[in-house]
>>> print(open('data18.cif').read())   # mmCIF, C-alpha atoms
data_protein
#
loop_
_atom_site.label_atom_id
_atom_site.label_comp_id
_atom_site.auth_asym_id
_atom_site.auth_seq_id
_atom_site.Cartn_x
_atom_site.Cartn_y
_atom_site.Cartn_z
CA MET A 1 75.31 -54.02 45.94
CA ARG A 2 71.64 -53.34 46.64
CA ARG A 3 72.65 -51.88 50.02
CA LEU A 4 75.22 -49.69 48.27
CA ALA A 5 72.75 -48.55 45.66
CA THR A 6 70.14 -47.76 48.28
CA ALA A 7 72.61 -45.81 50.35
CA THR A 8 73.93 -43.82 47.44
CA ILE A 9 70.45 -43.05 46.19
CA ILE A 10 69.53 -41.64 49.58
CA CYS A 11 72.60 -39.43 49.36
CA ALA A 12 72.07 -38.51 45.73
CA SER A 13 68.37 -37.70 46.07
CA THR A 14 69.07 -34.68 48.24
CA ILE A 15 72.61 -33.71 47.30
CA ALA A 16 71.73 -31.50 44.36
CA ALA A 17 69.12 -29.54 46.27
CA TYR A 18 71.31 -29.38 49.35
CA SER A 19 74.34 -28.25 47.37
CA HIS A 20 72.32 -25.41 45.85
CA ALA A 21 70.76 -24.44 49.15
CA PHE A 22 74.08 -24.55 50.97
CA ALA A 23 75.71 -22.41 48.31
CA GLN A 24 72.92 -19.83 48.61
CA ALA A 25 72.44 -19.87 52.36
CA ALA A 26 76.00 -20.48 53.53
CA PRO A 27 78.69 -19.24 51.14
CA PRO A 28 82.30 -20.30 51.80
CA ALA A 29 83.51 -18.88 55.09
CA ALA A 30 85.65 -15.79 55.06
CA ALA A 31 89.34 -16.64 55.10
CA ASP A 32 89.81 -15.34 58.63
CA ALA A 33 86.61 -16.83 60.06
CA LYS A 34 86.93 -18.86 63.22
CA PRO A 35 85.87 -22.48 62.62
CA LYS A 36 83.47 -24.16 64.95
CA PRO A 37 85.20 -27.01 66.78
CA VAL A 38 84.38 -30.62 66.09
CA ALA A 39 82.69 -31.34 69.39
CA THR A 40 79.73 -32.95 71.04
CA VAL A 41 77.19 -31.39 73.36
CA PRO A 42 76.97 -33.40 76.58
CA ILE A 43 73.65 -35.08 77.22
CA ARG A 44 72.00 -35.31 80.62
CA PRO A 45 70.29 -38.70 80.83
CA GLY A 46 66.54 -38.44 80.95
CA VAL A 47 66.57 -34.72 80.17
CA GLN A 48 67.65 -34.25 76.57
CA ALA A 49 66.97 -36.58 73.64
CA PRO A 50 69.85 -37.47 71.27
CA ALA A 51 68.18 -35.58 68.40
CA ASP A 52 67.92 -32.46 70.56
CA THR A 53 71.59 -32.75 71.44
CA ALA A 54 72.50 -33.02 67.75
CA ASN A 55 70.31 -30.03 66.90
CA ALA A 56 72.23 -28.01 69.49
CA MET A 57 75.42 -28.49 67.45
CA GLY A 58 76.46 -26.12 64.70
CA GLN A 59 75.78 -27.20 61.14
CA ALA A 60 79.50 -27.62 60.42
CA GLU A 61 79.74 -30.02 63.36
CA ARG A 62 76.81 -32.09 62.12
CA LEU A 63 78.22 -32.21 58.59
CA ALA A 64 81.56 -33.44 59.90
CA LEU A 65 79.84 -35.98 62.15
CA GLN A 66 77.72 -37.40 59.32
CA SER A 67 80.76 -37.55 57.05
CA ASP A 68 82.84 -39.40 59.64
CA LEU A 69 80.02 -41.87 60.32
CA ALA A 70 79.71 -42.52 56.59
CA TRP A 71 83.41 -43.20 56.23
CA VAL A 72 83.39 -45.80 59.00
CA GLY A 73 80.42 -47.53 57.34
CA GLN A 74 77.69 -46.66 59.86
CA TYR A 75 75.79 -43.82 58.14
CA ASN A 76 74.27 -44.17 54.68
CA GLY A 77 72.02 -41.12 54.50
CA ALA A 78 72.40 -37.72 52.91
CA ILE A 79 75.31 -35.71 54.28
CA SER A 80 73.30 -32.55 54.73
CA GLY A 81 73.78 -31.54 58.33
CA ASP A 82 70.12 -32.33 59.04
CA VAL A 83 69.34 -34.37 62.14
CA SER A 84 67.45 -37.59 61.52
CA GLU A 85 66.65 -40.91 63.14
CA ARG A 86 69.08 -42.47 60.67
CA MET A 87 71.88 -40.28 62.01
CA VAL A 88 71.08 -41.05 65.67
CA ASN A 89 70.90 -44.77 64.93
CA ALA A 90 74.26 -44.59 63.15
CA ILE A 91 75.79 -43.07 66.28
CA LYS A 92 74.29 -45.84 68.42
CA GLU A 93 75.60 -48.54 66.08
CA TYR A 94 79.07 -47.00 66.18
CA GLN A 95 78.96 -46.92 69.98
CA LYS A 96 77.90 -50.58 70.14
CA LEU A 97 80.66 -51.51 67.69
CA LYS A 98 83.17 -49.91 70.05
CA GLY A 99 81.73 -51.65 73.09
CA GLY A 100 80.10 -48.54 74.51
CA LYS A 101 76.61 -47.74 75.69
CA PRO A 102 74.36 -46.81 72.71
CA THR A 103 73.18 -43.42 73.98
CA GLY A 104 73.02 -41.75 70.55
CA VAL A 105 75.35 -39.00 71.79
CA LEU A 106 79.12 -39.31 71.44
CA ASN A 107 81.23 -38.33 74.41
CA PRO A 108 84.49 -36.47 73.64
CA GLN A 109 86.59 -39.65 73.64
CA GLU A 110 84.17 -41.40 71.27
CA ARG A 111 84.03 -38.37 68.97
CA ALA A 112 87.81 -38.14 68.81
CA GLY A 113 88.05 -41.85 68.06
CA LEU A 114 85.47 -41.58 65.28
CA ALA A 115 87.26 -38.63 63.70
CA ASP A 116 90.57 -40.49 63.85
CA THR A 117 89.17 -43.61 62.21
CA ALA A 118 87.44 -41.65 59.44
CA ARG A 119 90.56 -39.59 58.76
CA ARG A 120 92.68 -42.70 58.48
CA LYS A 121 90.24 -44.31 56.05
CA GLN A 122 90.27 -41.17 53.89
CA GLU A 123 94.04 -41.02 53.96
CA SER A 124 94.36 -44.72 53.17
CA VAL A 125 92.61 -44.23 49.82
CA GLY A 126 93.97 -40.73 49.15
CA TRP A 127 90.52 -39.12 49.19
CA LYS A 128 90.37 -35.62 47.73
CA LEU A 129 87.89 -33.36 45.98
CA VAL A 130 88.98 -32.42 42.47
CA THR A 131 87.69 -30.44 39.51
CA GLU A 132 87.53 -32.48 36.32
CA PRO A 133 89.57 -30.43 33.81
CA VAL A 134 87.31 -30.90 30.78
CA SER A 135 83.81 -30.36 32.17
CA GLY A 136 84.52 -28.47 35.39
CA ALA A 137 82.50 -31.04 37.37
CA ARG A 138 83.45 -31.57 41.01
CA LEU A 139 83.99 -35.09 42.29
CA GLY A 140 85.76 -37.03 45.01
CA ILE A 141 88.65 -39.22 43.89
CA PRO A 142 90.45 -41.95 45.89
CA ALA A 143 93.82 -40.93 44.46
CA LYS A 144 95.78 -43.80 45.98
CA LEU A 145 93.42 -46.36 44.49
CA VAL A 146 93.31 -44.73 41.04
CA PRO A 147 96.56 -42.76 40.63
CA GLN A 148 96.63 -42.79 36.82
CA GLN A 149 94.62 -40.05 35.10
CA THR A 150 94.01 -39.35 31.43
CA SER A 151 91.77 -36.69 29.85
CA ASP A 152 90.46 -35.88 26.41
CA GLY A 153 87.57 -33.90 24.94
CA ASN A 154 85.07 -36.43 26.28
CA GLY A 155 86.10 -36.26 29.92
CA SER A 156 88.60 -37.93 32.25
CA LYS A 157 89.47 -41.39 33.49
CA TRP A 158 91.26 -42.44 36.67
CA THR A 159 92.52 -46.02 36.96
CA SER A 160 94.53 -48.28 39.24
CA PRO A 161 97.81 -49.61 37.77
CA THR A 162 96.22 -52.99 37.00
CA GLY A 163 92.79 -51.68 36.02
CA THR A 164 90.99 -53.30 38.96
CA VAL A 165 89.40 -49.95 39.83
CA GLN A 166 88.30 -47.37 37.25
CA VAL A 167 86.58 -44.01 37.65
CA ILE A 168 85.23 -42.37 34.50
CA LEU A 169 83.68 -38.93 34.14
CA SER A 170 82.22 -38.61 30.65
CA ARG A 171 80.48 -35.72 28.93
CA ARG A 172 78.60 -35.43 25.68
CA LYS A 173 76.08 -33.31 23.86
CA GLU A 174 72.63 -34.74 23.28
CA ALA A 175 69.54 -33.09 21.80
CA ASN A 176 66.51 -33.01 24.10
CA PRO A 177 67.78 -35.54 26.66
CA THR A 178 65.54 -37.09 29.31
CA MET A 179 66.59 -38.98 32.40
CA ALA A 180 64.64 -42.05 31.32
CA ALA A 181 66.31 -42.13 27.90
CA LEU A 182 69.77 -41.59 29.42
CA ALA A 183 69.27 -44.37 31.95
CA ASP A 184 67.99 -46.73 29.26
CA ARG A 185 71.06 -46.04 27.15
CA GLU A 186 73.40 -46.81 30.04
CA LYS A 187 71.55 -50.05 30.79
CA LYS A 188 72.30 -51.26 27.27
CA GLU A 189 76.07 -50.87 27.57
CA PRO A 190 77.67 -54.18 26.52
CA GLY A 191 78.02 -56.73 29.30
CA ARG A 192 75.92 -54.89 31.87
CA ILE A 193 73.50 -56.70 34.14
CA VAL A 194 71.56 -54.11 36.13
CA ASP A 195 70.33 -55.15 39.56
CA TYR A 196 69.31 -51.71 40.77
CA SER A 197 67.90 -48.75 38.87
CA VAL A 198 66.29 -45.47 39.87
CA VAL A 199 65.32 -42.54 37.69
CA LYS A 200 64.51 -39.16 39.24
CA PRO A 201 63.70 -35.83 37.56
CA ASP A 202 67.24 -34.55 38.14
CA PHE A 203 69.43 -37.70 38.09
CA PHE A 204 69.53 -41.44 37.52
CA VAL A 205 71.51 -44.22 39.20
CA LEU A 206 72.29 -47.76 38.06
CA SER A 207 74.34 -50.50 39.65
CA GLY A 208 75.09 -54.16 39.03
CA LEU A 209 77.66 -56.29 37.21
CA GLN A 210 79.53 -55.53 34.01
CA ASN A 211 81.75 -58.28 32.60
CA LEU A 212 82.39 -59.67 36.10
CA LYS A 213 83.16 -56.21 37.54
CA LYS A 214 80.82 -54.32 39.79
CA PHE A 215 79.65 -51.01 38.43
CA TYR A 216 77.95 -47.88 39.69
CA VAL A 217 76.64 -45.16 37.35
CA ARG A 218 75.19 -41.79 38.21
CA GLY A 219 74.20 -39.32 35.52
CA THR A 220 72.44 -36.04 34.93
CA PHE A 221 72.15 -33.30 32.33
CA LYS A 222 71.75 -29.57 31.98
CA GLY A 223 70.44 -28.27 28.68
CA ASP A 224 72.05 -30.49 26.07
CA GLU A 225 75.11 -31.31 28.20
CA VAL A 226 75.11 -34.83 29.65
CA ARG A 227 77.55 -35.83 32.38
CA VAL A 228 77.90 -39.38 33.69
CA LEU A 229 80.04 -40.75 36.52
CA THR A 230 80.93 -44.44 36.24
CA VAL A 231 82.84 -46.54 38.76
CA LEU A 232 84.02 -50.05 37.86
CA TYR A 233 85.78 -52.32 40.34
CA ASP A 234 86.70 -55.96 40.72
CA GLN A 235 84.51 -57.91 43.11
CA ALA A 236 87.61 -58.79 45.16
CA THR A 237 88.02 -55.08 46.02
CA GLU A 238 84.44 -54.65 47.21
CA ASN A 239 85.22 -54.18 50.91
CA THR A 240 87.68 -51.40 50.15
CA VAL A 241 85.90 -49.66 47.29
CA GLU A 242 82.22 -49.81 48.26
CA PRO A 243 82.41 -47.20 51.10
CA VAL A 244 84.38 -44.96 48.75
CA VAL A 245 81.69 -45.28 46.08
CA ILE A 246 79.12 -44.04 48.59
CA ALA A 247 81.34 -41.04 49.32
CA MET A 248 81.84 -40.42 45.59
CA SER A 249 78.10 -40.46 45.02
CA SER A 250 77.59 -37.75 47.61
CA ALA A 251 80.56 -35.71 46.41
CA PHE A 252 79.63 -35.72 42.71
CA ASN A 253 78.49 -32.29 41.54
CA ALA A 254 78.09 -32.41 37.77
CA PHE A 255 77.33 -28.70 37.37
CA PRO A 256 78.83 -26.91 40.37
CA PRO A 257 78.03 -23.25 40.97
CA PRO A 258 80.93 -20.80 41.12
CA THR A 259 80.71 -20.77 44.92
CA ALA A 260 81.78 -24.43 45.03
CA ALA A 261 85.40 -23.32 44.51
CA PRO A 262 87.51 -23.27 47.67
CA ALA A 263 88.22 -19.92 49.26
CA PRO A 264 91.62 -18.35 48.47
CA ARG A 265 94.40 -18.58 51.00
CA ARG A 266 94.64 -15.78 53.50
CA THR A 267 97.09 -12.98 52.79
CA VAL A 268 97.96 -12.84 56.49
CA ASP A 269 97.99 -16.10 58.41
CA TYR A 270 98.54 -16.65 62.12
CA GLY A 271 99.94 -19.71 63.82
CA THR A 272 101.84 -20.76 66.92
CA GLY A 273 105.49 -21.73 67.21
CA VAL A 274 107.48 -23.59 69.87
CA ILE A 275 111.05 -22.47 70.60
CA VAL A 276 113.26 -25.57 70.67
CA THR A 277 116.86 -24.23 70.86
CA ASN A 278 118.67 -21.33 72.47
CA ASP A 279 119.98 -20.14 69.10
CA GLY A 280 116.51 -19.49 67.64
CA ALA A 281 115.09 -22.70 66.16
CA ILE A 282 111.28 -22.71 66.19
CA LEU A 283 108.99 -25.64 65.39
CA THR A 284 105.64 -24.83 63.78
CA ASP A 285 103.02 -25.84 61.20
CA ARG A 286 104.16 -26.20 57.59
CA GLU A 287 100.83 -25.12 56.10
CA VAL A 288 100.70 -21.86 58.07
CA THR A 289 104.16 -20.89 56.79
CA ASP A 290 103.72 -22.06 53.19
CA GLY A 291 104.00 -19.47 50.41
CA CYS A 292 104.96 -16.60 52.71
CA ILE A 293 106.86 -13.60 51.40
CA ALA A 294 107.65 -12.70 55.02
CA ILE A 295 107.45 -14.53 58.34
CA THR A 296 107.51 -12.55 61.58
CA ILE A 297 107.84 -13.63 65.20
CA PRO A 298 106.54 -10.71 67.31
CA GLY A 299 109.16 -9.63 69.80
CA PHE A 300 111.96 -11.26 67.83
CA GLY A 301 111.51 -9.97 64.29
CA HIS A 302 111.98 -11.72 60.95
CA ALA A 303 112.22 -15.50 60.70
CA ASP A 304 113.37 -17.75 57.87
CA ARG A 305 111.76 -21.07 57.08
CA VAL A 306 114.82 -23.26 56.74
CA ALA A 307 113.16 -26.67 56.37
CA ASP A 308 109.77 -28.35 56.09
CA ASP A 309 108.39 -31.86 56.25
CA LYS A 310 105.45 -32.56 53.93
CA GLU A 311 104.74 -35.98 55.43
CA ARG A 312 104.56 -34.79 59.03
CA GLY A 313 103.24 -31.28 58.25
CA LEU A 314 105.95 -29.52 60.25
CA ALA A 315 108.21 -26.56 59.48
CA LEU A 316 111.46 -25.35 61.03
CA LEU A 317 111.90 -21.59 61.43
CA ARG A 318 114.95 -19.71 62.62
CA VAL A 319 115.34 -16.25 64.10
CA TYR A 320 118.79 -14.71 64.24
CA GLY A 321 120.43 -12.63 66.95
CA ALA A 322 117.62 -13.18 69.45
CA HIS A 323 118.36 -13.12 73.17
CA GLY A 324 116.60 -14.49 76.21
CA LEU A 325 114.99 -17.45 74.44
CA LYS A 326 113.47 -20.12 76.66
CA PRO A 327 113.31 -23.33 74.64
CA LEU A 328 110.90 -26.07 75.69
CA ALA A 329 112.24 -29.45 76.73
CA LEU A 330 111.33 -31.94 74.02
CA SER A 331 111.67 -35.05 76.14
CA GLY A 332 108.69 -37.10 75.05
CA GLY A 333 105.60 -37.01 77.18
CA ASN A 334 103.29 -39.95 77.63
CA ALA A 335 99.92 -38.71 76.40
CA GLY A 336 96.91 -40.53 77.77
CA SER A 337 93.36 -39.79 76.72
CA SER A 338 93.68 -35.99 76.87
CA VAL A 339 96.25 -33.24 76.37
CA ASP A 340 96.58 -29.51 77.06
CA LEU A 341 97.18 -27.35 73.99
CA VAL A 342 99.22 -24.20 74.62
CA GLY A 343 98.89 -21.69 71.79
CA ILE A 344 97.89 -18.24 70.59
CA ALA A 345 94.48 -17.90 68.97
CA ASP A 346 93.94 -15.82 65.84
CA PRO A 347 93.66 -12.08 66.69
CA GLN A 348 90.04 -11.99 65.57
CA SER A 349 89.26 -14.67 68.15
CA GLN A 350 90.53 -12.50 70.99
CA ALA A 351 89.55 -8.97 69.98
CA GLY A 352 92.91 -8.22 68.39
CA GLY A 353 94.89 -9.65 71.30
CA ALA A 354 97.85 -12.00 71.34
CA ALA A 355 97.42 -13.79 74.66
CA ILE A 356 98.75 -17.29 75.16
CA SER A 357 96.02 -19.66 76.32
CA THR A 358 95.57 -23.31 77.20
CA VAL A 359 92.70 -25.51 76.03
CA LYS A 360 92.01 -29.19 76.58
CA ALA A 361 91.49 -31.78 73.86
CA GLN A 362 90.77 -35.49 73.76
CA LEU A 363 93.23 -37.76 72.03
CA ALA A 364 92.46 -40.70 69.75
CA GLY A 365 94.53 -43.02 67.58
CA SER A 366 97.48 -45.27 68.24
CA GLY A 367 99.55 -44.41 65.18
CA ALA A 368 103.23 -43.74 65.73
CA GLY A 369 103.18 -40.48 63.78
CA GLU A 370 100.03 -38.62 64.74
CA ALA A 371 96.65 -38.84 66.43
CA SER A 372 93.35 -36.98 66.16
CA LEU A 373 92.30 -34.27 68.61
CA ALA A 374 88.77 -33.20 69.52
CA PRO A 375 87.49 -30.61 69.85
CA ALA A 376 89.67 -28.70 67.43
CA PRO A 377 91.13 -25.51 68.91
CA ALA A 378 90.66 -22.05 67.43
CA LEU A 379 92.50 -20.79 64.37
CA GLY A 380 95.99 -19.71 65.35
CA PHE A 381 96.64 -22.81 67.46
CA SER A 382 98.23 -24.69 64.57
CA GLY A 383 101.79 -25.37 65.70
CA ALA A 384 100.90 -25.27 69.40
CA ALA A 385 102.53 -27.54 71.97
CA ALA A 386 100.39 -30.45 73.23
CA LEU A 387 101.27 -31.40 76.80
CA ASP A 388 100.58 -34.55 78.75
CA GLY A 389 99.34 -34.69 82.35
CA ASP A 390 102.86 -34.07 83.66
CA GLY A 391 103.35 -30.98 81.51
CA LYS A 392 105.75 -32.74 79.13
CA LEU A 393 105.58 -32.32 75.36
CA ALA A 394 103.38 -35.02 73.84
CA GLY A 395 103.35 -33.48 70.36
CA ILE A 396 102.64 -30.53 68.08
CA THR A 397 99.11 -29.49 67.14
CA LEU A 398 98.13 -29.11 63.48
CA LEU A 399 94.80 -27.92 62.08
CA LYS A 400 93.75 -29.61 58.86
CA PRO A 401 90.98 -28.84 56.38
CA GLY A 402 87.78 -30.78 57.02
CA VAL A 403 87.15 -33.43 54.38
CA LEU A 404 83.53 -34.36 53.80
CA ALA A 405 81.89 -37.10 51.80
CA GLY A 406 79.52 -34.47 50.44
CA THR A 407 79.90 -31.48 48.17
CA ALA A 408 79.92 -28.84 50.90
CA LEU A 409 83.28 -27.31 51.73
CA ILE A 410 83.33 -26.17 55.35
CA PRO A 411 86.02 -24.46 57.44
CA SER A 412 88.80 -26.46 59.04
CA THR A 413 87.44 -28.56 61.88
CA GLN A 414 89.97 -31.37 62.09
CA ALA A 415 92.97 -31.28 64.40
CA VAL A 416 95.80 -33.77 64.77
CA MET A 417 98.75 -34.07 67.09
CA VAL A 418 102.10 -34.94 65.53
CA ARG A 419 103.73 -36.98 68.25
CA SER A 420 106.86 -35.65 69.95
CA GLU A 421 109.05 -38.50 68.67
CA ALA A 422 108.08 -37.61 65.08
CA ALA A 423 108.87 -33.95 65.75
CA ARG A 424 112.27 -34.86 67.20
CA ALA A 425 112.99 -37.08 64.18
CA PHE A 426 112.27 -34.13 61.88
CA LEU A 427 114.60 -31.87 63.87
CA ASN A 428 117.34 -34.51 63.98
CA GLY A 429 117.11 -34.85 60.23
CA GLN A 430 117.88 -31.13 59.96
CA GLY A 431 120.84 -31.34 62.32
CA VAL A 432 118.98 -29.48 65.07
CA LYS A 433 119.67 -30.63 68.63
CA PRO A 434 116.96 -29.38 71.00
CA ASP A 435 118.62 -27.97 74.12
CA GLY A 436 115.65 -26.85 76.19
CA SER A 437 115.27 -28.01 79.76
CA SER A 438 112.22 -25.99 80.80
CA LEU A 439 108.68 -27.33 81.09
CA ASP A 440 107.28 -23.79 80.89
CA ALA A 441 105.42 -24.17 77.60
CA LYS A 442 104.05 -20.64 77.69
CA ALA A 443 107.57 -19.17 77.90
CA ALA A 444 108.51 -21.17 74.78
CA THR A 445 105.38 -20.24 72.83
CA VAL A 446 105.49 -17.53 70.15
CA ARG A 447 103.08 -16.21 67.56
CA VAL A 448 103.95 -16.89 63.93
CA ILE A 449 102.73 -14.37 61.32
CA CYS A 450 102.89 -15.21 57.63
CA VAL A 451 102.35 -12.55 54.96
CA ARG A 452 101.51 -13.66 51.42
CA LYS A 453 100.97 -11.73 48.22
#
>>> encode(input="data18.cif", output="structure tokens")
Amino acid sequence: MRRLATATIICASTIAAYSHAFAQAAPPAAADAKPKPVATVPIRPGVQAPADTANAMGQAERLALQSDLAWVGQYNGAISGDVSERMVNAIKEYQKLKGGKPTGVLNPQERAGLADTARRKQESVGWKLVTEPVSGARLGIPAKLVPQQTSDGNGSKWTSPTGTVQVILSRRKEANPTMAALADREKKEPGRIVDYSVVKPDFFVLSGLQNLKKFYVRGTFKGDEVRVLTVLYDQATENTVEPVVIAMSSAFNAFPPPTAAPAPRRTVDYGTGVIVTNDGAILTDREVTDGCIAITIPGFGHADRVADDKERGLALLRVYGAHGLKPLALSGGNAGSSVDLVGIADPQSQAGGAAISTVKAQLAGSGAGEASLAPAPALGFSGAAALDGDGKLAGITLLKPGVLAGTALIPSTQAVMVRSEAARAFLNGQGVKPDGSSLDAKAATVRVICVRK
């Protein structure tokens, strides 16, 4: 617990200042901004130090890297995007854990593997950033661990079905509060044995045991409004919950500025589709085509979204009366460590153009449904075909929002590949029988345009 408390204090001690600075210096990206890919900058041995390589990355890349390292249990510093010895050492420890050479710089395969592991850990606990409905505070919640939520005038509580894990966000009014007085009050809660305590001008943190449960408390105030985050969990759940508590500490923003809200969805969204049948069935990304009042396939006209798969993130479109379609053969490819992504980047990424292009990505993850890709391709590639070394379809590319263990919301930098067998299963479930025989992925690639209100 002392290691957890130390780690979360390091995060907490800078998160408030960082959150404010990030909100002022880097407001949420415009809806049509091109995200920077999650990538590494190659290092030339003996020429460039690991810290210099990290500094050459964009801030969004460093934020995502720190977040991923934290989720796999290697990084316990502030998720700020700042390069530090702690960050470099975390990279080296991760490399040693994976049996690699501890250079302090991740190669593309290592970076893809790290992103895949972190994503799976987040998904396993249902990690998401939420706004507490009573106070408006922002916090990260492991929704699969604590699916039951109740709220009243004093705040909200999330619990597991058996009460083994509890997350409580409480609020109250208090005249002339001080951090020392607030911390002292929390220490005196019945049954608490505090083994770690720190009081700073802008927050306090306590941790220890409470009636045989482990607890973590972080609190702050603004004016006469006091807000306290408390996490209680059975000692038997420590290995699962402790990394999540570190993420929650970083994500907690008791008094978020208005800019902490996520950017609205784009009114015009661009994606890529893959033609899979001669009669106009097109496979694409569900998210790109969600909430559209009109979907257009340039050169073919209007398309209807006839089915979608929330679990896999896929959508099935259909165009009617089209001629000369060249569907792609969906016979499963055997993806190795890398794939070629064939898609159409967002118009802003190519000066208003609509050219089909091919980019390479490294593959990580052995899951039957999907695997992580790095670096992430440009906006517009969501729904693109991913091809193996023989030019066969290995899967469908999806871009997903980046999920950080900190309060900063950055543009999408995560990409996954839904494997071809999962895509075929989705189509089979809709009664669609792919009839393509061509391996010409470019001929089967179309732009998908979604227009929303």
>>> closest_residue(input="data18.cif", among="A:Arg266, A:Arg318, A:His302, A:Arg312", to="Lys453 (chain A)", atoms="all atoms listed in the file")
A:Arg266
>>> closest_residue(input="data18.cif", among="A:Ala70, A:Leu232, A:Ala51, A:Val83", to="Tyr216 (chain A)", atoms="all atoms listed in the file")
A:Leu232
>>> residues_around(input="data18.cif", residues="Thr445 (chain A)", least_positions_apart="3", cutoff="7 Å", atoms="all atoms listed in the file", output="CSV table (one decimal) with C-alpha atoms, in the coordinates of the input")
chain,number,residue,atom,x,y,z
A,272,THR,CA,101.8,-20.8,66.9
A,273,GLY,CA,105.5,-21.7,67.2
A,274,VAL,CA,107.5,-23.6,69.9
A,275,ILE,CA,111.0,-22.5,70.6
A,343,GLY,CA,98.9,-21.7,71.8
A,441,ALA,CA,105.4,-24.2,77.6
A,442,LYS,CA,104.0,-20.6,77.7
>>> resolve_selection(input="data18.cif", expression="the PyMOL selection byres ((chain A and resi 222) around 10)", output="VMD selection string")
chain A and resid 173 177 202 220 to 221 223 to 227 254 to 255
>>> write_last_selection(input="data18.cif", atoms="C-alpha atoms", output="PDB file, in the frame of the given file")
ATOM      1  CA  LYS A 173      76.080 -33.310  23.860  1.00  0.00           C
ATOM      2  CA  PRO A 177      67.780 -35.540  26.660  1.00  0.00           C
ATOM      3  CA  ASP A 202      67.240 -34.550  38.140  1.00  0.00           C
ATOM      4  CA  THR A 220      72.440 -36.040  34.930  1.00  0.00           C
ATOM      5  CA  PHE A 221      72.150 -33.300  32.330  1.00  0.00           C
ATOM      6  CA  GLY A 223      70.440 -28.270  28.680  1.00  0.00           C
ATOM      7  CA  ASP A 224      72.050 -30.490  26.070  1.00  0.00           C
ATOM      8  CA  GLU A 225      75.110 -31.310  28.200  1.00  0.00           C
ATOM      9  CA  VAL A 226      75.110 -34.830  29.650  1.00  0.00           C
ATOM     10  CA  ARG A 227      77.550 -35.830  32.380  1.00  0.00           C
ATOM     11  CA  ALA A 254      78.090 -32.410  37.770  1.00  0.00           C
ATOM     12  CA  PHE A 255      77.330 -28.700  37.370  1.00  0.00           C
TER      13      PHE A 255
END
>>> closest_residue(input="data18.cif", among="A:Ala371, A:Ala180, A:Ala143, A:Ala294", to="Arg119 (chain A)", atoms="all atoms listed in the file")
A:Ala371
>>> residues_near_point(input="data18.cif", point="(90.7, -12.0, 64.9)", cutoff="10 Å", atoms="only C-alpha atoms", output="ChimeraX atom specification")
/A:32-34,270,345-354,379-380
>>> write_last_selection(input="data18.cif", atoms="C-alpha atoms", output="compact mmCIF listing (two decimals), in the frame of the given file")
# COMPACT_ATOMS: atom_id res chain seq x y z
CA ASP A 32 89.81 -15.34 58.63
CA ALA A 33 86.61 -16.83 60.06
CA LYS A 34 86.93 -18.86 63.22
CA TYR A 270 98.54 -16.65 62.12
CA ALA A 345 94.48 -17.90 68.97
CA ASP A 346 93.94 -15.82 65.84
CA PRO A 347 93.66 -12.08 66.69
CA GLN A 348 90.04 -11.99 65.57
CA SER A 349 89.26 -14.67 68.15
CA GLN A 350 90.53 -12.50 70.99
CA ALA A 351 89.55 -8.97 69.98
CA GLY A 352 92.91 -8.22 68.39
CA GLY A 353 94.89 -9.65 71.30
CA ALA A 354 97.85 -12.00 71.34
CA LEU A 379 92.50 -20.79 64.37
CA GLY A 380 95.99 -19.71 65.35
>>> resolve_selection(input="data18.cif", expression="the PyMOL selection byres ((chain A and resi 95-98) around 12)", output="VMD selection string")
chain A and resid 69 72 to 74 88 to 94 99 to 107 109 to 111 113 to 114 117
>>> resolve_selection(input="data18.cif", expression="the PyMOL selection byres ((chain A and resi 324) around 10)", output="number ranges by chain")
A: 278-280, 322-323, 325-327
>>> closest_residue(input="data18.cif", among="A:Val306, A:Leu283, A:Thr289, A:Thr277", to="Asp435 (chain A)", atoms="all atoms listed in the file")
A:Thr277
>>> residues_around(input="data18.cif", residues="Ser420 (chain A)", least_positions_apart="6", cutoff="6 Å", atoms="all atoms listed in the file", output="VMD selection string")
chain A and resid 332 394 to 395
>>> closest_residue(input="data18.cif", among="A:Val125, A:Ile449, A:Ala361, A:Leu427", to="Thr240 (chain A)", atoms="all atoms listed in the file")
A:Val125
>>> atom_distance(input="data18.cif", atom1="CA of Cys450 (chain A)", atom2="CA of Val130 (chain A)")
26.8 Å
>>> atom_distance(input="data18.cif", atom1="CA of Gly436 (chain A)", atom2="CA of Asp388 (chain A)")
17.1 Å
>>> atom_distance(input="data18.cif", atom1="CA of Gly191 (chain A)", atom2="CA of Asn211 (chain A)")
5.2 Å
>>> residues_around(input="data18.cif", residues="Gln66 (chain A)", least_positions_apart="4", cutoff="7 Å", atoms="all atoms listed in the file", output="list in words")
Arg62, Ala70, Tyr75 and Ile79 of chain A
>>> closest_residue(input="data18.cif", among="A:Pro133, A:Gly336, A:Gly219, A:Pro243", to="Leu206 (chain A)", atoms="only C-alpha atoms")
A:Gly219
